[in-house]
Structures are given as C-alpha cells and as structure tokens.
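Q: Before I ask anything, let me first share the structure, which is written out below as structure tokens.
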Amino acid sequence: MNTKILHIEIQDFINSNLKSDITKLILKGSSFEAVSIQEIAAQIEAKNKCEKKLPTWFSLKNIYFPKKLNIEQTSSEITAKYKANLVFGNTLIDLTGGFGVDSYYFSKKVKNITHCEIDKELSGIVTYNLGILNSKNISTYVGDGFEYLEKNNTKFDWIYADPSRRNDAKGKVFLLEDCLPNIPKNLEFLFKYTGNILLKISPILDIKSAIHELKFVKEVHVVAVENEVKELLLVLEKNYIQQIDYKTINITKKSIQTFNFNFNSIALANYSKPKKYIYEPNVAILKSGAFQQISTHYKLDKLHQHSHLYTSNNLIDFPGRTFKIKQISSYNKKELTKFIPLKKANITTRNFPETVAQIRKKINFKDGGNLYLFFTTNLNNRHIVLICEKV
C-alpha cells in the first residue's frame, strides 16, 4: 500500500482521469516521483469498478482501492445490505474478509465484527478504509480465519464465510468441498465456536448438492439483482433438523420481488394449453427449483413439466415477467412472418431444442421491438411459439 497515492494532487489526477483511456495514460507515464503510472492506472480501474457496485466507496474522498480482481470478487452493496439483515447479536467473525464490504454492513447489525484476511496488503487497505468510513466496531486480523478461531478460542454469535474456487481446480467448481475454505470438511470445527453460520456460495453451485454436503441447514436465500442471480446464501444453525425454508428475492430498480416456500409442503402443478396471459418466473425462483410451488401458490397452470412457463385467464401480480398472448404459432418462418411482418421481436426459449441464435439464423428476425416470442413445448409435446406483448 503506497500511501503517497492519497496525496491530494494524485487523488485529483485519478478523479479527473476516470474516463480516460488507460492504455494511452500508461504510455504518457507518471509526472509524480513517488507513484508510478501503473499504480495510478490500477487505482483508476478499481475505482471505476466501484461506481455502480460500491457507490459508497466510489463517492468518498481518499478511499484506497485494491486490485481490480478484489473488487470483482467482493459483494455489491445491494447484496451486502441484504445479508446484514440475516444476522444479529454481539459478535460475528468474517473468515474470508476480502475488501470488507460484507463486514462493513454486518457492523450495522452486530456490535463487534472481526475481519480476517490472509492477504496482508488487502487487510491494510481495509483497515485504512474503515477509518474513512468511520466504522469503529470492526477489528481486522491479518491471517487465516480458522487459525484465529483455534488460537483465540473465542465463541461468536455468527461465523460468516465466502468460500472461493481453489486455484488448482480445473474447469468449473460445482461442489462446496472444491472451494477454499472447505466448509463441509470443517463444519464440526466451526460449530465449536458458534451456533450460527452464514455461507455465501457461488450461483453456479447446485443448491441440493450444497445442502447434501452440509448439516443443519435452516434457510436458503437466492438473491438476484435485476433478474441476475448474484448470491446463494445458506443459514446453518447448530443441531437444526427441521424443514428448510427457501427465500427468493429479485431486487430491481422498480420493486423487490419475493417468494418464500419449502419443499415439505404438498405442491402439484396443474397443466393446460396457453390461456390469455403467460408468466415467466424471475431467475431467483427458477434457480430455487420452485416449479411446482409457484404454480400452486398463485393458482397458475403450467404449460409443460419442463417448460417453466405459467398461464391464466385472469391477470395477477407475479414475481417475474408477465405477458399477454396475441397469437400462437407453429415453428414456421412463413407463419411467423404473417403474424410479424416487420420481422423484429425479442426471443426467449423455454424447453425448446434450439438456441436463440439458431432460431434467429433460421427465421432471420431482428432483435428488439414490442413483441416477445416464447419458443417452447406444450403439454402435448408440440413445439409452439407464443407471440406476446409485455404487460
């Protein structure tokens, strides 16, 4: 951490060059003796990453930014705020502290936070920035969080961890045991120091597999922002053996869509041909696997077991996208062109043998416009196209 970066003239240079071409900037070189142009460029790139993801950090003066990768790996403020509402009490230890965004928001709900980070430089940056943020109830520790627990033998109300993919793992990681730290292997050890664990796991992981690897899972939270799944959160409580509650949330600029359920309740979908309206669940619901539950709860019919599109004659308020059907067509270019002479539409596939790219190549429709085409399969296993308008 080069503190000379914080000098006012260098900070002014960084802020005035946030929109500059980084390559051209590096070629010009640095006019500051104590700070290289590479260091300045790294600050600019990292700060730009924060503009939407971490607006609090972006807007404050004299924040010191870490490597761009650290910003990419950290939680956004939106998801950190959501996580903070899941914890309570006097003490929480963040075993995988990183840039400290989660710890910062936990500190607004829990009296004392311990932030553990094995990267000495990153830990120093977090410690410095906490001063700028005027956060006084977070203590930082340089080192392994597991070692901290064993060495201090202190119990916490909560343990939080965000396991990351191992560097030596090949391809995509789909199991928790393939991440660091290995939570399933160390679960018994962790419960020696707490009664509650909050885990943030990668959205690509399979929820059922993660639950199978663990014990005492109490809640599953699927968090999406603008219809993109950002985080899977698992709440574990020592010796908990009752039903697991699933909570889905999709945070948009206009609203917050929620749907909660559990798999112990009887939920069997009814099936029908497309009616007046079509409903597409948001991605948090789809990731959770609540395909039967959403049908039962909202009294909607499903088009097909694997299509995950729902229909009704009466319009309802639904956690996802809602469309009104204008026409139902077969997968035939001539027929589609008759219904859509301008050959322009938004295309989605649900339980269909071809991709959007393959379909566009065949029918030669441009993207955009007010029409939405759902290429799907009906209850008679026929491929159909629903021509819709958004409600």
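Identifiers in the structure tokens: chain A, B, ... in order shown; residue index from 1 per chain; ligand index from 1 in order shown.
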Could you give me, as a PyMOL selection string, the residues within 6 Å of range 230-247 of chain A, counting only C-alpha atoms and dropping anything in the same chain fewer than 6 positions from it?
A: chain A and resi 195-201+203+216-224+260-262
Q: Kindly export the residues of the current selection with all heavy atoms, as a compact mmCIF listing (two decimals), in the first residue's frame.
A:
# COMPACT_ATOMS: atom_id res chain seq x y z
N GLY A 195 -23.02 -20.93 17.13
CA GLY A 195 -24.25 -21.69 16.93
C GLY A 195 -24.90 -21.37 15.60
O GLY A 195 -25.84 -22.02 15.17
N ASN A 196 -24.34 -20.34 14.89
CA ASN A 196 -24.94 -19.90 13.63
C ASN A 196 -23.86 -19.62 12.58
O ASN A 196 -22.87 -18.94 12.88
CB ASN A 196 -25.74 -18.60 13.84
CG ASN A 196 -26.82 -18.75 14.89
OD1 ASN A 196 -27.85 -19.35 14.65
ND2 ASN A 196 -26.57 -18.20 16.08
N ILE A 197 -24.07 -20.14 11.39
CA ILE A 197 -23.13 -19.93 10.29
C ILE A 197 -23.90 -19.39 9.09
O ILE A 197 -24.97 -19.89 8.75
CB ILE A 197 -22.42 -21.23 9.90
CG1 ILE A 197 -21.57 -21.75 11.06
CG2 ILE A 197 -21.53 -21.03 8.66
CD1 ILE A 197 -20.96 -23.13 10.82
N LEU A 198 -23.35 -18.36 8.47
CA LEU A 198 -23.90 -17.84 7.21
C LEU A 198 -22.86 -18.06 6.13
O LEU A 198 -21.72 -17.61 6.25
CB LEU A 198 -24.22 -16.35 7.34
CG LEU A 198 -24.69 -15.64 6.06
CD1 LEU A 198 -25.97 -16.28 5.51
CD2 LEU A 198 -24.91 -14.14 6.31
N LEU A 199 -23.26 -18.79 5.08
CA LEU A 199 -22.36 -19.08 3.97
C LEU A 199 -22.85 -18.38 2.71
O LEU A 199 -24.04 -18.44 2.38
CB LEU A 199 -22.29 -20.58 3.69
CG LEU A 199 -21.71 -21.50 4.75
CD1 LEU A 199 -21.74 -22.94 4.24
CD2 LEU A 199 -20.30 -21.10 5.12
N LYS A 200 -21.94 -17.74 2.01
CA LYS A 200 -22.21 -17.23 0.67
C LYS A 200 -21.54 -18.18 -0.30
O LYS A 200 -20.34 -18.42 -0.22
CB LYS A 200 -21.65 -15.82 0.52
CG LYS A 200 -21.69 -15.29 -0.92
CD LYS A 200 -20.94 -13.97 -1.02
CE LYS A 200 -20.69 -13.58 -2.46
NZ LYS A 200 -19.89 -12.34 -2.57
N ILE A 201 -22.32 -18.75 -1.23
CA ILE A 201 -21.73 -19.68 -2.19
C ILE A 201 -22.00 -19.22 -3.61
O ILE A 201 -22.90 -18.41 -3.86
CB ILE A 201 -22.24 -21.13 -1.98
CG1 ILE A 201 -23.75 -21.24 -2.24
CG2 ILE A 201 -21.93 -21.60 -0.56
CD1 ILE A 201 -24.28 -22.66 -2.16
N PRO A 203 -23.23 -18.73 -7.34
CA PRO A 203 -24.51 -19.01 -8.00
C PRO A 203 -24.47 -20.21 -8.94
O PRO A 203 -25.52 -20.75 -9.28
CB PRO A 203 -24.78 -17.72 -8.80
CG PRO A 203 -23.99 -16.67 -8.12
CD PRO A 203 -22.77 -17.35 -7.60
N PHE A 216 -27.40 -29.28 9.18
CA PHE A 216 -28.07 -28.24 9.96
C PHE A 216 -28.44 -27.00 9.14
O PHE A 216 -28.45 -25.89 9.66
CB PHE A 216 -27.21 -27.81 11.16
CG PHE A 216 -26.63 -28.96 11.95
CD1 PHE A 216 -25.32 -28.93 12.41
CD2 PHE A 216 -27.41 -30.08 12.25
CE1 PHE A 216 -24.79 -29.96 13.14
CE2 PHE A 216 -26.89 -31.15 13.00
CZ PHE A 216 -25.57 -31.08 13.44
N VAL A 217 -28.75 -27.18 7.85
CA VAL A 217 -29.16 -26.04 7.02
C VAL A 217 -30.58 -25.63 7.40
O VAL A 217 -31.50 -26.44 7.37
CB VAL A 217 -29.07 -26.36 5.52
CG1 VAL A 217 -29.55 -25.17 4.69
CG2 VAL A 217 -27.66 -26.74 5.13
N LYS A 218 -30.74 -24.37 7.73
CA LYS A 218 -32.04 -23.85 8.18
C LYS A 218 -32.75 -23.05 7.09
O LYS A 218 -33.97 -23.15 6.93
CB LYS A 218 -31.82 -22.97 9.41
CG LYS A 218 -33.10 -22.44 10.04
CD LYS A 218 -32.78 -21.58 11.27
CE LYS A 218 -34.05 -21.08 11.94
NZ LYS A 218 -33.76 -20.25 13.13
N GLU A 219 -31.98 -22.24 6.35
CA GLU A 219 -32.57 -21.39 5.33
C GLU A 219 -31.68 -21.34 4.09
O GLU A 219 -30.45 -21.41 4.21
CB GLU A 219 -32.75 -19.95 5.84
CG GLU A 219 -33.73 -19.80 6.98
CD GLU A 219 -33.76 -18.38 7.53
OE1 GLU A 219 -33.02 -17.51 6.99
OE2 GLU A 219 -34.51 -18.13 8.49
N VAL A 220 -32.33 -21.21 2.94
CA VAL A 220 -31.63 -20.97 1.67
C VAL A 220 -32.18 -19.66 1.10
O VAL A 220 -33.39 -19.49 0.97
CB VAL A 220 -31.87 -22.12 0.67
CG1 VAL A 220 -31.25 -21.77 -0.68
CG2 VAL A 220 -31.30 -23.43 1.19
N HIS A 221 -31.29 -18.74 0.80
CA HIS A 221 -31.68 -17.46 0.20
C HIS A 221 -31.06 -17.37 -1.19
O HIS A 221 -29.84 -17.49 -1.34
CB HIS A 221 -31.19 -16.29 1.04
CG HIS A 221 -31.80 -16.24 2.42
ND1 HIS A 221 -32.70 -15.28 2.80
CD2 HIS A 221 -31.62 -17.05 3.50
CE1 HIS A 221 -33.06 -15.49 4.06
NE2 HIS A 221 -32.41 -16.56 4.50
N VAL A 222 -31.89 -17.17 -2.19
CA VAL A 222 -31.42 -16.98 -3.57
C VAL A 222 -31.62 -15.50 -3.89
O VAL A 222 -32.76 -15.02 -3.98
CB VAL A 222 -32.19 -17.85 -4.57
CG1 VAL A 222 -31.58 -17.72 -5.96
CG2 VAL A 222 -32.19 -19.32 -4.14
N VAL A 223 -30.51 -14.78 -4.06
CA VAL A 223 -30.58 -13.33 -4.23
C VAL A 223 -30.21 -12.94 -5.66
O VAL A 223 -29.10 -13.23 -6.12
CB VAL A 223 -29.63 -12.62 -3.24
CG1 VAL A 223 -29.79 -11.10 -3.36
CG2 VAL A 223 -29.90 -13.07 -1.81
N ALA A 224 -31.14 -12.29 -6.33
CA ALA A 224 -30.90 -11.80 -7.69
C ALA A 224 -31.01 -10.28 -7.70
O ALA A 224 -31.75 -9.69 -6.90
CB ALA A 224 -31.91 -12.40 -8.66
N ASN A 260 -41.38 -17.08 -1.00
CA ASN A 260 -40.83 -17.99 0.01
C ASN A 260 -41.61 -19.29 0.01
O ASN A 260 -42.83 -19.30 -0.19
CB ASN A 260 -40.90 -17.34 1.39
CG ASN A 260 -40.18 -16.00 1.44
OD1 ASN A 260 -39.24 -15.76 0.68
ND2 ASN A 260 -40.62 -15.12 2.32
N PHE A 261 -40.92 -20.39 0.26
CA PHE A 261 -41.57 -21.70 0.23
C PHE A 261 -40.70 -22.73 0.93
O PHE A 261 -39.58 -22.44 1.35
CB PHE A 261 -41.81 -22.14 -1.22
CG PHE A 261 -40.54 -22.46 -1.98
CD1 PHE A 261 -40.10 -23.77 -2.11
CD2 PHE A 261 -39.77 -21.44 -2.54
CE1 PHE A 261 -38.92 -24.06 -2.79
CE2 PHE A 261 -38.59 -21.73 -3.21
CZ PHE A 261 -38.16 -23.04 -3.34
N ASN A 262 -41.21 -23.94 1.06
CA ASN A 262 -40.39 -25.08 1.45
C ASN A 262 -40.86 -26.30 0.68
O ASN A 262 -42.00 -26.35 0.20
CB ASN A 262 -40.41 -25.31 2.97
CG ASN A 262 -41.80 -25.68 3.48
OD1 ASN A 262 -42.30 -26.76 3.21
ND2 ASN A 262 -42.43 -24.75 4.19
Q: For a test of reading the model, state the distance in Å between CA of Leu149 in chain A and CA of Cys116 in chain A, rounded to one decimal.
A: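 Between CA of Leu149 in chain A and CA of Cys116 in chain A the gap is 10.3 Å.
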Q: Expressed in Å to a single decimal, how great is the separation between CA of Thr154 in chain A and CA of Asp94 in chain A?
A: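 Value for the CA of Thr154 in chain A-CA of Asp94 in chain A distance: 13.5 Å.
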Q: Would you mind listing what lies within 12 Å of range 37-43 of chain A as a ChimeraX atom specification, with only C-alpha atoms counted and same-chain residues fewer than 3 positions away left out?
A: /A:1-7,9-34,46-50,58,62-71
Q: What's around Leu122 in chain A at 10 Å? Count only C-alpha atoms, leave out sequence neighbours fewer than 3 positions away in its own chain, and write the answer as a short mmCIF file (atom, residue, chain, number, x, y, z; two decimals) with C-alpha atoms, in the first residue's frame.
A:
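Below is the file that was written, selection24.cif:
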data_model
loop_
_atom_site.label_atom_id
_atom_site.label_comp_id
_atom_site.auth_asym_id
_atom_site.auth_seq_id
_atom_site.Cartn_x
_atom_site.Cartn_y
_atom_site.Cartn_z
CA MET A 1 0.00 0.00 0.00
CA PHE A 65 -8.64 0.88 -3.85
CA PRO A 66 -7.15 -2.63 -4.03
CA LYS A 67 -6.50 -4.71 -7.15
CA ASN A 70 -10.53 -7.84 -5.33
CA GLY A 97 -12.90 -10.78 4.76
CA GLY A 98 -11.68 -9.61 1.36
CA PHE A 99 -12.34 -5.91 0.67
CA GLY A 100 -14.58 -5.76 3.76
CA GLU A 117 -7.87 -11.57 5.62
CA ILE A 118 -4.81 -13.62 4.74
CA ASP A 119 -3.53 -11.01 2.22
CA ILE A 125 -6.21 -1.33 2.79
CA VAL A 126 -9.40 -2.45 4.57
CA THR A 127 -8.11 -1.17 7.93
CA TYR A 128 -7.31 2.22 6.40
CA VAL A 142 -4.05 -10.50 9.11
#
Q: Go through A:His115, A:Arg165, A:Lys287, A:Lys136 and flag the residue nearest Thr248 in chain A, using only C-alpha atoms for the distances.
A: A:Lys287
Q: Taking only C-alpha atoms into account, name the residue in A:Lys366, A:Ile384, A:Val229, A:Lys111 that is nearest to Ser330 in chain A.
A: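 Of A:Lys366, A:Ile384, A:Val229, A:Lys111, the one nearest Ser330 in chain A, counting only C-alpha atoms, is A:Ile384.
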